[in-house]
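Asks: Following this line is start33.cif, made up of mmCIF, C-alpha atoms (C1' of nucleotides):
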data_data
#
loop_
_atom_site.label_atom_id
_atom_site.label_comp_id
_atom_site.auth_asym_id
_atom_site.auth_seq_id
_atom_site.Cartn_x
_atom_site.Cartn_y
_atom_site.Cartn_z
CA MET A 560 -38.05 198.98 -69.55
CA THR A 561 -35.01 200.00 -67.52
CA TYR A 562 -34.65 201.51 -64.08
CA SER A 563 -32.20 203.77 -62.32
CA ILE A 564 -30.70 202.54 -59.11
CA ALA A 565 -33.15 204.71 -57.17
CA GLN A 566 -36.09 203.15 -59.00
CA ALA A 567 -34.69 199.68 -58.54
CA ALA A 568 -34.33 200.40 -54.84
CA ALA A 569 -37.91 201.64 -54.60
CA ARG A 570 -39.27 198.60 -56.41
CA SER A 571 -37.20 196.00 -54.63
CA GLY A 572 -37.50 197.49 -51.18
CA LEU A 573 -33.72 197.45 -50.82
CA SER A 574 -31.65 200.56 -50.28
CA ILE A 575 -29.39 201.97 -52.97
CA ASP A 576 -26.40 201.06 -50.86
CA THR A 577 -27.65 197.54 -50.49
CA LEU A 578 -28.06 197.17 -54.24
CA ARG A 579 -24.45 198.19 -54.78
CA TYR A 580 -23.39 195.96 -51.92
CA TYR A 581 -25.18 192.96 -53.43
CA GLU A 582 -23.43 193.61 -56.69
CA ARG A 583 -20.05 193.86 -55.01
CA ILE A 584 -20.40 190.54 -53.25
CA GLY A 585 -21.64 188.75 -56.34
CA LEU A 586 -25.30 188.32 -55.44
CA VAL A 587 -26.42 190.11 -58.54
CA GLU A 588 -24.75 190.40 -61.89
CA PRO A 589 -23.55 193.92 -62.63
CA PRO A 590 -26.47 195.55 -64.46
CA ALA A 591 -26.09 197.40 -67.74
CA ARG A 592 -24.82 200.97 -67.66
CA ASP A 593 -26.21 203.99 -69.43
CA SER A 594 -24.11 206.39 -71.50
CA GLY A 595 -23.06 208.19 -68.35
CA GLY A 596 -21.86 205.06 -66.62
CA ARG A 597 -24.88 204.73 -64.38
CA ARG A 598 -26.59 201.46 -63.57
CA ASP A 599 -29.55 200.59 -65.71
CA TYR A 600 -31.56 197.78 -64.19
CA SER A 601 -33.71 195.60 -66.45
CA ASP A 602 -37.00 193.92 -65.61
CA GLU A 603 -35.10 190.68 -65.38
CA ASP A 604 -32.72 192.24 -62.89
CA LEU A 605 -35.70 193.34 -60.82
CA GLY A 606 -37.21 189.88 -61.00
CA TRP A 607 -34.05 188.39 -59.61
CA LEU A 608 -33.93 191.04 -56.89
CA ALA A 609 -37.52 190.23 -55.98
CA PHE A 610 -36.66 186.59 -55.59
CA LEU A 611 -33.54 187.41 -53.61
CA THR A 612 -35.57 189.48 -51.19
CA ARG A 613 -37.85 186.50 -50.67
CA LEU A 614 -34.87 184.39 -49.78
CA ARG A 615 -33.57 187.09 -47.44
CA THR A 616 -36.96 187.53 -45.82
CA THR A 617 -37.02 183.85 -45.06
CA GLY A 618 -33.62 184.11 -43.44
CA MET A 619 -31.36 182.54 -46.03
CA PRO A 620 -27.82 183.66 -45.28
CA ILE A 621 -26.09 185.69 -47.93
CA ARG A 622 -23.43 183.09 -48.57
CA MET A 623 -26.11 180.59 -49.54
CA MET A 624 -27.88 183.06 -51.75
CA ARG A 625 -24.53 183.61 -53.38
CA GLU A 626 -24.07 179.93 -53.99
CA TYR A 627 -27.50 179.86 -55.56
CA ALA A 628 -26.69 182.91 -57.67
CA GLN A 629 -23.50 181.32 -58.93
CA LEU A 630 -25.29 178.08 -59.80
CA ARG A 631 -27.87 180.05 -61.69
CA HIS A 632 -25.12 181.78 -63.59
CA ARG A 633 -23.69 178.40 -64.49
CA GLY A 634 -26.88 177.42 -66.30
CA VAL A 635 -28.92 174.32 -66.90
CA GLY A 636 -26.51 171.80 -65.43
CA SER A 637 -27.07 173.20 -61.96
CA THR A 638 -30.84 172.97 -61.68
CA ALA A 639 -30.78 169.84 -59.54
CA ARG A 640 -28.53 171.46 -57.00
CA ARG A 641 -30.55 174.66 -57.06
CA ARG A 642 -33.74 172.74 -56.49
CA GLN A 643 -32.09 170.94 -53.63
CA ILE A 644 -31.09 174.22 -52.02
CA LEU A 645 -34.63 175.52 -52.27
CA VAL A 646 -36.14 172.30 -50.95
CA GLU A 647 -33.85 172.34 -47.94
CA HIS A 648 -34.50 175.98 -47.38
CA ARG A 649 -38.24 175.45 -47.58
CA ALA A 650 -38.00 172.81 -44.90
CA GLY A 651 -36.19 175.31 -42.72
CA VAL A 652 -38.84 177.93 -43.32
CA ARG A 653 -41.58 175.50 -42.38
CA GLU A 654 -39.79 174.68 -39.18
CA ARG A 655 -39.38 178.33 -38.46
CA ILE A 656 -43.09 178.94 -38.93
CA ALA A 657 -43.92 176.09 -36.58
CA GLU A 658 -41.51 177.49 -34.03
CA LEU A 659 -43.09 180.92 -34.24
CA GLN A 660 -46.54 179.43 -33.89
CA SER A 661 -45.53 177.58 -30.78
CA CYS A 662 -44.13 180.81 -29.36
CA LEU A 663 -47.39 182.54 -30.22
CA GLU A 664 -49.20 180.19 -27.92
CA VAL A 665 -46.93 181.17 -25.08
CA LEU A 666 -47.53 184.83 -25.84
CA ASP A 667 -51.27 184.26 -25.89
CA TYR A 668 -51.10 182.55 -22.56
CA LYS A 669 -49.05 185.32 -21.03
CA ILE A 670 -51.26 188.03 -22.38
CA THR A 671 -54.41 186.33 -21.16
CA ASN A 672 -52.79 186.06 -17.80
CA TYR A 673 -52.04 189.76 -17.67
CA GLU A 674 -55.58 190.54 -18.67
CA LEU A 675 -57.01 188.37 -15.95
CA VAL A 676 -54.75 189.95 -13.41
CA GLU A 677 -55.64 193.45 -14.45
CA ARG A 678 -59.37 192.86 -14.52
CA ASN A 679 -60.08 190.64 -11.58
CA LEU A 680 -57.21 190.11 -9.28
CA PRO A 681 -55.21 193.28 -8.97
CA LEU A 682 -53.96 192.33 -5.52
CA ALA A 683 -52.87 188.88 -6.53
CA ALA A 684 -50.74 190.13 -9.37
CA GLU A 685 -47.44 189.73 -7.61
CA LEU A 686 -48.13 186.09 -6.99
CA SER A 687 -49.60 185.01 -10.24
CA VAL A 688 -47.59 186.99 -12.74
CA GLU A 689 -44.17 187.56 -11.30
CA ALA A 690 -43.54 183.87 -11.02
CA SER A 691 -42.81 183.49 -14.69
CA MET B 48 -33.76 172.70 -6.92
CA THR B 49 -30.76 174.69 -8.11
CA TYR B 50 -28.60 174.41 -11.20
CA SER B 51 -25.02 175.15 -12.12
CA ILE B 52 -24.42 177.45 -15.04
CA ALA B 53 -23.71 174.43 -17.22
CA GLN B 54 -27.04 172.87 -16.27
CA ALA B 55 -28.86 176.13 -16.78
CA ALA B 56 -27.26 176.38 -20.21
CA ALA B 57 -28.29 172.85 -21.11
CA ARG B 58 -31.86 173.40 -19.98
CA SER B 59 -32.31 176.82 -21.54
CA GLY B 60 -30.56 176.07 -24.78
CA LEU B 61 -28.34 179.11 -24.30
CA SER B 62 -24.59 178.92 -24.02
CA ILE B 63 -22.77 179.53 -20.78
CA ASP B 64 -21.29 182.66 -22.26
CA THR B 65 -24.70 183.88 -23.27
CA LEU B 66 -26.05 183.35 -19.77
CA ARG B 67 -23.29 185.50 -18.34
CA TYR B 68 -23.81 188.02 -21.11
CA TYR B 69 -27.53 188.27 -20.37
CA GLU B 70 -26.73 188.87 -16.74
CA ARG B 71 -24.22 191.59 -17.60
CA ILE B 72 -26.65 193.51 -19.74
CA GLY B 73 -29.46 193.27 -17.21
CA LEU B 74 -31.70 190.77 -18.94
CA VAL B 75 -31.61 188.43 -16.00
CA GLU B 76 -31.15 189.19 -12.35
CA PRO B 77 -27.87 187.91 -10.99
CA PRO B 78 -28.65 184.45 -9.68
CA ALA B 79 -27.72 183.25 -6.22
CA ARG B 80 -24.16 182.07 -5.63
CA ASP B 81 -23.00 178.95 -3.88
CA SER B 82 -20.35 178.93 -1.15
CA GLY B 83 -17.63 178.99 -3.76
CA GLY B 84 -19.00 182.04 -5.54
CA ARG B 85 -20.53 180.11 -8.43
CA ARG B 86 -23.89 180.86 -9.93
CA ASP B 87 -26.77 178.81 -8.59
CA TYR B 88 -29.80 179.13 -10.84
CA SER B 89 -33.23 178.51 -9.33
CA ASP B 90 -36.27 177.02 -11.05
CA GLU B 91 -37.68 180.51 -11.23
CA ASP B 92 -34.53 181.71 -12.97
CA LEU B 93 -34.91 178.92 -15.49
CA GLY B 94 -38.56 179.81 -16.04
CA TRP B 95 -37.60 183.36 -16.85
CA LEU B 96 -34.83 182.15 -19.17
CA ALA B 97 -37.33 179.91 -20.93
CA PHE B 98 -39.61 182.85 -21.53
CA LEU B 99 -36.73 185.02 -22.66
CA THR B 100 -35.73 182.45 -25.23
CA ARG B 101 -39.29 182.51 -26.56
CA LEU B 102 -39.03 186.24 -27.00
CA ARG B 103 -35.64 185.89 -28.66
CA THR B 104 -36.87 183.14 -30.94
CA THR B 105 -39.64 185.41 -32.10
CA GLY B 106 -37.13 188.11 -32.88
CA MET B 107 -37.63 190.55 -30.05
CA PRO B 108 -34.53 192.74 -29.87
CA ILE B 109 -32.56 192.58 -26.68
CA ARG B 110 -33.19 196.20 -25.77
CA MET B 111 -36.92 195.49 -25.69
CA MET B 112 -36.49 192.33 -23.68
CA ARG B 113 -34.49 194.45 -21.29
CA GLU B 114 -37.26 196.97 -21.01
CA TYR B 115 -39.64 194.13 -20.26
CA ALA B 116 -37.24 192.69 -17.70
CA GLN B 117 -36.95 196.02 -15.94
CA LEU B 118 -40.71 196.46 -15.83
CA ARG B 119 -41.05 193.02 -14.38
CA HIS B 120 -38.55 193.93 -11.74
CA ARG B 121 -40.59 197.01 -10.92
CA GLY B 122 -43.58 194.89 -9.95
CA VAL B 123 -47.32 195.08 -10.17
CA GLY B 124 -47.60 198.64 -11.34
CA SER B 125 -46.06 197.77 -14.65
CA THR B 126 -48.35 194.97 -15.79
CA ALA B 127 -50.30 197.16 -18.21
CA ARG B 128 -47.15 198.24 -19.99
CA ARG B 129 -45.82 194.70 -20.03
CA ARG B 130 -49.03 193.41 -21.50
CA GLN B 131 -48.87 196.14 -24.12
CA ILE B 132 -45.35 195.12 -25.10
CA LEU B 133 -46.43 191.51 -25.49
CA VAL B 134 -49.53 192.41 -27.46
CA GLU B 135 -47.52 194.54 -29.88
CA HIS B 136 -44.91 191.89 -30.16
CA ARG B 137 -47.51 189.25 -30.85
CA ALA B 138 -48.87 191.33 -33.70
CA GLY B 139 -45.36 191.49 -35.14
CA VAL B 140 -44.97 187.75 -34.84
CA ARG B 141 -48.23 187.17 -36.63
CA GLU B 142 -47.15 189.44 -39.44
CA ARG B 143 -43.87 187.63 -39.64
CA ILE B 144 -45.64 184.29 -39.94
CA ALA B 145 -47.82 185.63 -42.71
CA GLU B 146 -44.77 186.96 -44.51
CA LEU B 147 -43.03 183.62 -44.26
CA GLN B 148 -46.09 181.83 -45.53
CA SER B 149 -46.27 184.09 -48.53
CA CYS B 150 -42.60 183.39 -49.25
CA LEU B 151 -43.32 179.68 -48.90
CA GLU B 152 -45.68 179.93 -51.82
CA VAL B 153 -42.97 181.44 -53.95
CA LEU B 154 -40.61 178.67 -52.94
CA ASP B 155 -43.21 176.05 -53.76
CA TYR B 156 -43.70 177.59 -57.16
CA LYS B 157 -40.00 177.69 -57.88
CA ILE B 158 -39.44 174.15 -56.74
CA THR B 159 -42.33 172.84 -58.80
CA ASN B 160 -40.86 174.64 -61.73
CA TYR B 161 -37.50 173.00 -61.29
CA GLU B 162 -39.14 169.62 -60.98
CA LEU B 163 -41.06 170.09 -64.17
CA VAL B 164 -37.96 171.20 -65.96
CA GLU B 165 -35.93 168.28 -64.75
CA ARG B 166 -38.56 165.66 -65.57
CA ASN B 167 -40.08 166.76 -68.81
CA LEU B 168 -38.33 169.59 -70.51
CA PRO B 169 -34.61 169.28 -70.00
CA LEU B 170 -33.88 171.24 -73.15
CA ALA B 171 -36.24 174.06 -72.33
CA ALA B 172 -34.63 174.67 -68.96
CA GLU B 173 -32.71 177.72 -69.98
CA LEU B 174 -35.83 179.43 -71.16
CA SER B 175 -38.27 178.55 -68.47
CA VAL B 176 -36.13 178.69 -65.38
CA GLU B 177 -33.38 181.18 -65.97
CA ALA B 178 -35.83 183.97 -66.50
CA SER B 179 -36.46 184.41 -62.81
"C1'" DA C 1395 0.56 168.03 -2.41
"C1'" DC C 1396 -1.05 168.17 -6.87
"C1'" DT C 1397 -3.70 167.64 -10.90
"C1'" DT C 1398 -8.08 168.21 -13.01
"C1'" DG C 1399 -12.14 170.38 -14.33
"C1'" DA C 1400 -15.76 173.65 -13.67
"C1'" DC C 1401 -16.34 178.21 -12.96
"C1'" DC C 1402 -14.93 183.14 -12.27
"C1'" DT C 1403 -13.82 188.19 -14.24
"C1'" DG C 1404 -13.04 192.04 -17.49
"C1'" DG C 1405 -12.26 192.86 -21.85
"C1'" DA C 1406 -11.33 191.93 -26.69
"C1'" DG C 1407 -12.83 189.73 -30.97
"C1'" DT C 1408 -16.23 187.82 -34.41
"C1'" DG C 1409 -19.70 187.43 -38.14
"C1'" DC C 1410 -23.34 189.25 -40.36
"C1'" DA C 1411 -25.57 192.50 -43.16
"C1'" DC C 1412 -25.64 196.43 -44.13
"C1'" DT C 1413 -24.79 201.79 -43.98
"C1'" DC C 1414 -22.20 205.84 -44.38
"C1'" DC C 1415 -18.65 208.85 -46.17
"C1'" DA C 1416 -15.36 211.72 -49.01
"C1'" DG C 1417 -14.36 213.14 -53.10
"C1'" DC C 1418 -15.42 212.62 -57.68
"C1'" DT C 1419 -18.21 212.69 -62.45
"C1'" DC C 1420 -22.20 213.47 -65.13
"C1'" DC C 1421 -26.44 215.54 -66.96
"C1'" DT C 1422 -30.12 219.02 -66.72
"C1'" DA C 1423 -32.21 223.34 -65.95
"C1'" DC C 1424 -31.80 228.00 -65.35
"C1'" DG D 330 -21.55 228.58 -67.59
"C1'" DT D 331 -22.87 227.27 -63.44
"C1'" DA D 332 -25.60 225.32 -59.66
"C1'" DG D 333 -27.97 221.26 -58.18
"C1'" DG D 334 -29.03 216.62 -57.98
"C1'" DA D 335 -28.30 211.80 -58.96
"C1'" DG D 336 -24.99 208.60 -59.30
"C1'" DC D 337 -20.10 206.75 -59.05
"C1'" DT D 338 -15.94 204.38 -56.33
"C1'" DG D 339 -13.20 202.38 -52.56
"C1'" DG D 340 -13.06 202.03 -48.08
"C1'" DA D 341 -14.39 202.82 -43.31
"C1'" DG D 342 -17.94 202.50 -39.75
"C1'" DT D 343 -22.19 200.61 -37.38
"C1'" DG D 344 -25.31 197.71 -34.57
"C1'" DC D 345 -26.49 193.50 -33.02
"C1'" DA D 346 -25.85 189.43 -30.48
"C1'" DC D 347 -23.04 186.88 -29.13
"C1'" DT D 348 -18.29 184.31 -28.50
"C1'" DC D 349 -13.70 183.83 -27.12
"C1'" DC D 350 -9.69 184.57 -24.27
"C1'" DA D 351 -6.15 185.14 -20.53
"C1'" DG D 352 -5.33 184.62 -16.21
"C1'" DG D 353 -7.23 183.46 -11.98
"C1'" DT D 354 -10.07 180.77 -8.00
"C1'" DC D 355 -11.99 176.82 -5.90
"C1'" DA D 356 -13.40 172.01 -4.57
"C1'" DA D 357 -12.82 167.16 -5.27
"C1'" DG D 358 -10.34 163.12 -6.25
"C1'" DT D 359 -5.67 160.28 -6.11
#
Please re-express this file's structure in structure tokens.

Replies:
Amino acid sequence: MTYSIAQAAARSGLSIDTLRYYERIGLVEPPARDSGGRRDYSDEDLGWLAFLTRLRTTGMPIRMMREYAQLRHRGVGSTARRRQILVEHRAGVRERIAELQSCLEVLDYKITNYELVERNLPLAAELSVEAS
Amino acid sequence: MTYSIAQAAARSGLSIDTLRYYERIGLVEPPARDSGGRRDYSDEDLGWLAFLTRLRTTGMPIRMMREYAQLRHRGVGSTARRRQILVEHRAGVRERIAELQSCLEVLDYKITNYELVERNLPLAAELSVEAS
DNA sequence: ACTTGACCTGGAGTGCACTCCAGCTCCTAC
DNA sequence: GTAGGAGCTGGAGTGCACTCCAGGTCAAGT
């Protein structure tokens, strides 16, 4: 199965421009071309794009994704380094989740506060909410 | 208690430049000045900065933080809208956490895969890892 | 008096990750 | 055979959130 750039964009959730951009900067190998010179993405290409979008979603900077891509291209000898990159990245993602969860608590507190103010103490709002 | 800009930066985790930048774009009210014209941050200023950094950490864009800041400045009449902003933002943060957690699973899978390959099947690496 | 260091201002510059554009080439359908 | 639509290239432009800089002021120490 092969896919036009529009189909690849639809399936990966990236824009057509972004697909070409990723190719230009070496994040993805240039896909095959059809007889008219158009890109023909394979299932494997899409699989790699899917993984890349996971890395992006989790905030990996493009230069690191590129390092990973180049290691992958290099083959078996680079698996240790690739694993290391993923392990370090995973640690970062876990930290990020913890950070977000701690911020959630603050949001909860704030929201509860607003609700209390609106329901019971409309005249005390200036004092109890504006302070923070 | 008041704080120099350097102290405010240290306590908020923002840079001095960022503090001045936030003031310029209306995210924070201009703090008091000392006799020499230097910024003198109050505890209340620092409290607001602390909350702002929570919003930033959770990915709220600056233009929305500014809207929130302006509502806050407007006083009691804006609490409903402020609460609404926080509630919507909280929903976004929760989604983001869920998204990260789903990506974590993919990372776990990949890492496990690499570990298996490195320990048991060094010669099969090309087949089992390169595919994705 | 003079050096030092923190702070001031307005404005320019940076890095990231796209996103858009002009002008072109194909293929398909009428 | 021609009009339309998808895709192509190289390069320029965008939005965001800072970050840096030049040239100046001010207060304290020596």

Asks: To one decimal in Å, tell me the separation between atom CA of Ile644 of chain A and atom CA of Met619 of chain A.

Replies: 10.3 Å

Asks: So which residues are close to (-3.7, 163.8, -10.3), meaning at most 9 Å away in the file's coordinates with all atoms listed in the file counted, and can you show them as a list in words?

Replies: DC1396, DT1397 and DT1398 of chain C; DG358 and DT359 of chain D

Asks: Compute the set of chain A residues within 8 Å of chain B, using only C-alpha atoms, and express it as a VMD selection string.

Replies: chain A and resid 603 606 to 607 610 613 to 614 616 to 617 631 634 to 635 638 to 639 642 645 to 646 649 652 to 653 656 658 to 660 662 to 663 665 to 667 670 673 to 674 677 684 to 685 689 to 691

Asks: List every protein, DNA or RNA residue with an atom no more than 12 Å from (-9.9, 193.9, -25.5) in the file's coordinates, counting all atoms listed in the file, and format the result as an mmCIF file with C-alpha atoms (C1' of nucleotides), keeping the file's coordinate frame.

Replies:
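Listed below is the output, point-v6.cif:
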data_model
loop_
_atom_site.group_PDB
_atom_site.id
_atom_site.type_symbol
_atom_site.label_atom_id
_atom_site.label_comp_id
_atom_site.auth_asym_id
_atom_site.auth_seq_id
_atom_site.Cartn_x
_atom_site.Cartn_y
_atom_site.Cartn_z
ATOM 1 C "C1'" DG C 1404 -13.040 192.040 -17.490
ATOM 2 C "C1'" DG C 1405 -12.260 192.860 -21.850
ATOM 3 C "C1'" DA C 1406 -11.330 191.930 -26.690
ATOM 4 C "C1'" DG C 1407 -12.830 189.730 -30.970
ATOM 5 C "C1'" DC D 349 -13.700 183.830 -27.120
ATOM 6 C "C1'" DC D 350 -9.690 184.570 -24.270
ATOM 7 C "C1'" DA D 351 -6.150 185.140 -20.530
#

Asks: For atom C1' of DC347 of chain D and atom CA of Tyr69 of chain B, determine how far apart the two atoms are, in Å to one decimal place.

Replies: 9.9 Å

Asks: Distance table requested - chain B against chain C, cut-off 10 Å, only C-alpha atoms (C1' of nucleotides): one row per qualifying residue with the closest atom pair and its distance in Å to one decimal, ordered by chain and rising residue number, as JSON lines.

Replies:
{"residue": "B:Ser51", "atom": "CA", "partner": "C:DC1401", "partner_atom": "C1'", "distance": 9.2}
{"residue": "B:Ile52", "atom": "CA", "partner": "C:DC1401", "partner_atom": "C1'", "distance": 8.4}
{"residue": "B:Ala53", "atom": "CA", "partner": "C:DA1400", "partner_atom": "C1'", "distance": 8.7}
{"residue": "B:Gly83", "atom": "CA", "partner": "C:DC1401", "partner_atom": "C1'", "distance": 9.3}
{"residue": "B:Gly84", "atom": "CA", "partner": "C:DC1402", "partner_atom": "C1'", "distance": 7.9}
{"residue": "B:Arg85", "atom": "CA", "partner": "C:DC1401", "partner_atom": "C1'", "distance": 6.5}
{"residue": "B:Arg86", "atom": "CA", "partner": "C:DC1401", "partner_atom": "C1'", "distance": 8.6}

Asks: On this structure, the PyMOL selection byres ((chain D) within 12 of (chain B)) would catch which residues? List them as an mmCIF file with C-alpha atoms (C1' of nucleotides), in the frame of the given file, sorted by chain and number.

Replies:
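In the end it all went to expr.cif:
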data_model
loop_
_atom_site.group_PDB
_atom_site.id
_atom_site.type_symbol
_atom_site.label_atom_id
_atom_site.label_comp_id
_atom_site.auth_asym_id
_atom_site.auth_seq_id
_atom_site.Cartn_x
_atom_site.Cartn_y
_atom_site.Cartn_z
ATOM 1 C "C1'" DG D 344 -25.310 197.710 -34.570
ATOM 2 C "C1'" DC D 345 -26.490 193.500 -33.020
ATOM 3 C "C1'" DA D 346 -25.850 189.430 -30.480
ATOM 4 C "C1'" DC D 347 -23.040 186.880 -29.130
ATOM 5 C "C1'" DT D 348 -18.290 184.310 -28.500
ATOM 6 C "C1'" DC D 349 -13.700 183.830 -27.120
ATOM 7 C "C1'" DC D 350 -9.690 184.570 -24.270
ATOM 8 C "C1'" DT D 354 -10.070 180.770 -8.000
ATOM 9 C "C1'" DC D 355 -11.990 176.820 -5.900
ATOM 10 C "C1'" DA D 356 -13.400 172.010 -4.570
#

Asks: Where does chain B end up after superposition onto chain A over all in-order Cα pairs? Give it as a short mmCIF file (atom, residue, chain, number, x, y, z; two decimals) with C-alpha atoms, keeping the file's coordinate frame.

Replies:
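Generated file (part-v3.cif):
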data_model
loop_
_atom_site.label_atom_id
_atom_site.label_comp_id
_atom_site.auth_asym_id
_atom_site.auth_seq_id
_atom_site.Cartn_x
_atom_site.Cartn_y
_atom_site.Cartn_z
CA MET B 48 -38.04 198.97 -69.54
CA THR B 49 -35.01 199.99 -67.50
CA TYR B 50 -34.67 201.52 -64.06
CA SER B 51 -32.24 203.79 -62.29
CA ILE B 52 -30.73 202.54 -59.08
CA ALA B 53 -33.18 204.69 -57.14
CA GLN B 54 -36.11 203.12 -58.97
CA ALA B 55 -34.71 199.65 -58.52
CA ALA B 56 -34.35 200.38 -54.82
CA ALA B 57 -37.92 201.61 -54.57
CA ARG B 58 -39.29 198.59 -56.39
CA SER B 59 -37.20 195.99 -54.60
CA GLY B 60 -37.51 197.46 -51.16
CA LEU B 61 -33.73 197.41 -50.79
CA SER B 62 -31.66 200.51 -50.25
CA ILE B 63 -29.41 201.94 -52.92
CA ASP B 64 -26.43 201.04 -50.81
CA THR B 65 -27.65 197.50 -50.46
CA LEU B 66 -28.07 197.15 -54.20
CA ARG B 67 -24.47 198.18 -54.74
CA TYR B 68 -23.40 195.93 -51.89
CA TYR B 69 -25.18 192.94 -53.41
CA GLU B 70 -23.44 193.61 -56.68
CA ARG B 71 -20.05 193.84 -54.99
CA ILE B 72 -20.41 190.52 -53.24
CA GLY B 73 -21.65 188.74 -56.35
CA LEU B 74 -25.29 188.30 -55.45
CA VAL B 75 -26.43 190.11 -58.53
CA GLU B 76 -24.76 190.42 -61.88
CA PRO B 77 -23.58 193.93 -62.61
CA PRO B 78 -26.46 195.56 -64.44
CA ALA B 79 -26.10 197.41 -67.71
CA ARG B 80 -24.85 200.99 -67.62
CA ASP B 81 -26.25 203.99 -69.41
CA SER B 82 -24.14 206.40 -71.46
CA GLY B 83 -23.11 208.21 -68.32
CA GLY B 84 -21.89 205.08 -66.57
CA ARG B 85 -24.93 204.73 -64.32
CA ARG B 86 -26.60 201.46 -63.53
CA ASP B 87 -29.58 200.58 -65.70
CA TYR B 88 -31.57 197.75 -64.16
CA SER B 89 -33.69 195.60 -66.45
CA ASP B 90 -37.00 193.92 -65.62
CA GLU B 91 -35.10 190.67 -65.38
CA ASP B 92 -32.73 192.23 -62.86
CA LEU B 93 -35.70 193.34 -60.81
CA GLY B 94 -37.22 189.86 -60.99
CA TRP B 95 -34.06 188.38 -59.60
CA LEU B 96 -33.93 191.03 -56.87
CA ALA B 97 -37.52 190.23 -55.97
CA PHE B 98 -36.65 186.58 -55.57
CA LEU B 99 -33.54 187.41 -53.60
CA THR B 100 -35.56 189.47 -51.17
CA ARG B 101 -37.85 186.48 -50.66
CA LEU B 102 -34.86 184.37 -49.77
CA ARG B 103 -33.56 187.07 -47.45
CA THR B 104 -36.93 187.51 -45.81
CA THR B 105 -37.00 183.83 -45.06
CA GLY B 106 -33.60 184.08 -43.44
CA MET B 107 -31.34 182.52 -46.03
CA PRO B 108 -27.79 183.65 -45.27
CA ILE B 109 -26.08 185.66 -47.94
CA ARG B 110 -23.39 183.07 -48.56
CA MET B 111 -26.07 180.57 -49.55
CA MET B 112 -27.87 183.05 -51.75
CA ARG B 113 -24.52 183.61 -53.38
CA GLU B 114 -24.07 179.93 -53.99
CA TYR B 115 -27.50 179.86 -55.56
CA ALA B 116 -26.69 182.91 -57.67
CA GLN B 117 -23.51 181.31 -58.94
CA LEU B 118 -25.30 178.10 -59.83
CA ARG B 119 -27.88 180.08 -61.69
CA HIS B 120 -25.14 181.79 -63.59
CA ARG B 121 -23.71 178.41 -64.50
CA GLY B 122 -26.88 177.45 -66.34
CA VAL B 123 -28.93 174.36 -66.94
CA GLY B 124 -26.55 171.85 -65.47
CA SER B 125 -27.09 173.22 -62.02
CA THR B 126 -30.86 172.99 -61.73
CA ALA B 127 -30.79 169.86 -59.58
CA ARG B 128 -28.53 171.49 -57.04
CA ARG B 129 -30.56 174.67 -57.09
CA ARG B 130 -33.75 172.77 -56.53
CA GLN B 131 -32.09 170.94 -53.65
CA ILE B 132 -31.08 174.22 -52.03
CA LEU B 133 -34.63 175.52 -52.29
CA VAL B 134 -36.14 172.31 -50.98
CA GLU B 135 -33.85 172.33 -47.95
CA HIS B 136 -34.50 175.97 -47.39
CA ARG B 137 -38.22 175.44 -47.59
CA ALA B 138 -38.00 172.79 -44.90
CA GLY B 139 -36.17 175.30 -42.71
CA VAL B 140 -38.83 177.91 -43.33
CA ARG B 141 -41.56 175.49 -42.38
CA GLU B 142 -39.77 174.65 -39.17
CA ARG B 143 -39.35 178.31 -38.45
CA ILE B 144 -43.07 178.91 -38.92
CA ALA B 145 -43.88 176.07 -36.57
CA GLU B 146 -41.48 177.46 -34.00
CA LEU B 147 -43.05 180.89 -34.23
CA GLN B 148 -46.51 179.42 -33.88
CA SER B 149 -45.49 177.58 -30.76
CA CYS B 150 -44.10 180.81 -29.32
CA LEU B 151 -47.35 182.53 -30.23
CA GLU B 152 -49.16 180.20 -27.90
CA VAL B 153 -46.89 181.18 -25.07
CA LEU B 154 -47.49 184.83 -25.83
CA ASP B 155 -51.23 184.28 -25.90
CA TYR B 156 -51.05 182.58 -22.55
CA LYS B 157 -49.00 185.35 -21.02
CA ILE B 158 -51.22 188.07 -22.39
CA THR B 159 -54.37 186.35 -21.18
CA ASN B 160 -52.75 186.09 -17.82
CA TYR B 161 -52.02 189.78 -17.68
CA GLU B 162 -55.55 190.58 -18.71
CA LEU B 163 -56.99 188.42 -16.00
CA VAL B 164 -54.73 189.99 -13.45
CA GLU B 165 -55.60 193.49 -14.50
CA ARG B 166 -59.35 192.92 -14.58
CA ASN B 167 -60.08 190.70 -11.65
CA LEU B 168 -57.22 190.17 -9.31
CA PRO B 169 -55.21 193.34 -9.01
CA LEU B 170 -53.95 192.38 -5.58
CA ALA B 171 -52.91 188.90 -6.58
CA ALA B 172 -50.75 190.17 -9.42
CA GLU B 173 -47.47 189.72 -7.67
CA LEU B 174 -48.18 186.10 -7.03
CA SER B 175 -49.68 185.01 -10.28
CA VAL B 176 -47.65 186.95 -12.78
CA GLU B 177 -44.24 187.54 -11.32
CA ALA B 178 -43.57 183.86 -11.04
CA SER B 179 -42.77 183.51 -14.71
#

Asks: Check which residues satisfy the PyMOL selection byres ((chain B and resi 75) around 9) in the file shown, then give them as a list in words.

Replies: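 For this structure, the PyMOL selection byres ((chain B and resi 75) around 9) captures Leu66, Tyr69, Glu70, Arg71, Ile72, Gly73, Leu74, Glu76, Pro77, Pro78, Asp92, Trp95, Leu96, Arg113 and Ala116 of chain B.
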
Asks: Measure the distance from atom CA of Met560 of chain A to atom C1' of DG333 of chain D in Å and round it to one decimal.

Replies: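 Between these atoms lies a distance of 27.0 Å.
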
Asks: Pick out the closest residue to Gln566 of chain A from this set: D:DG340, D:DA357, D:DG330, D:DA335. Count all atoms listed in the file.

Replies: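 Selected residue with least distance to Gln566 of chain A: D:DA335.
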
Asks: I'd like to know which of B:Gly60, B:Arg128, B:Arg121, B:Tyr50 is closest to Asp81 of chain B, using all atoms listed in the file.

Replies: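 Between B:Gly60, B:Arg128, B:Arg121, B:Tyr50, the residue approaching Asp81 of chain B most closely is B:Tyr50.
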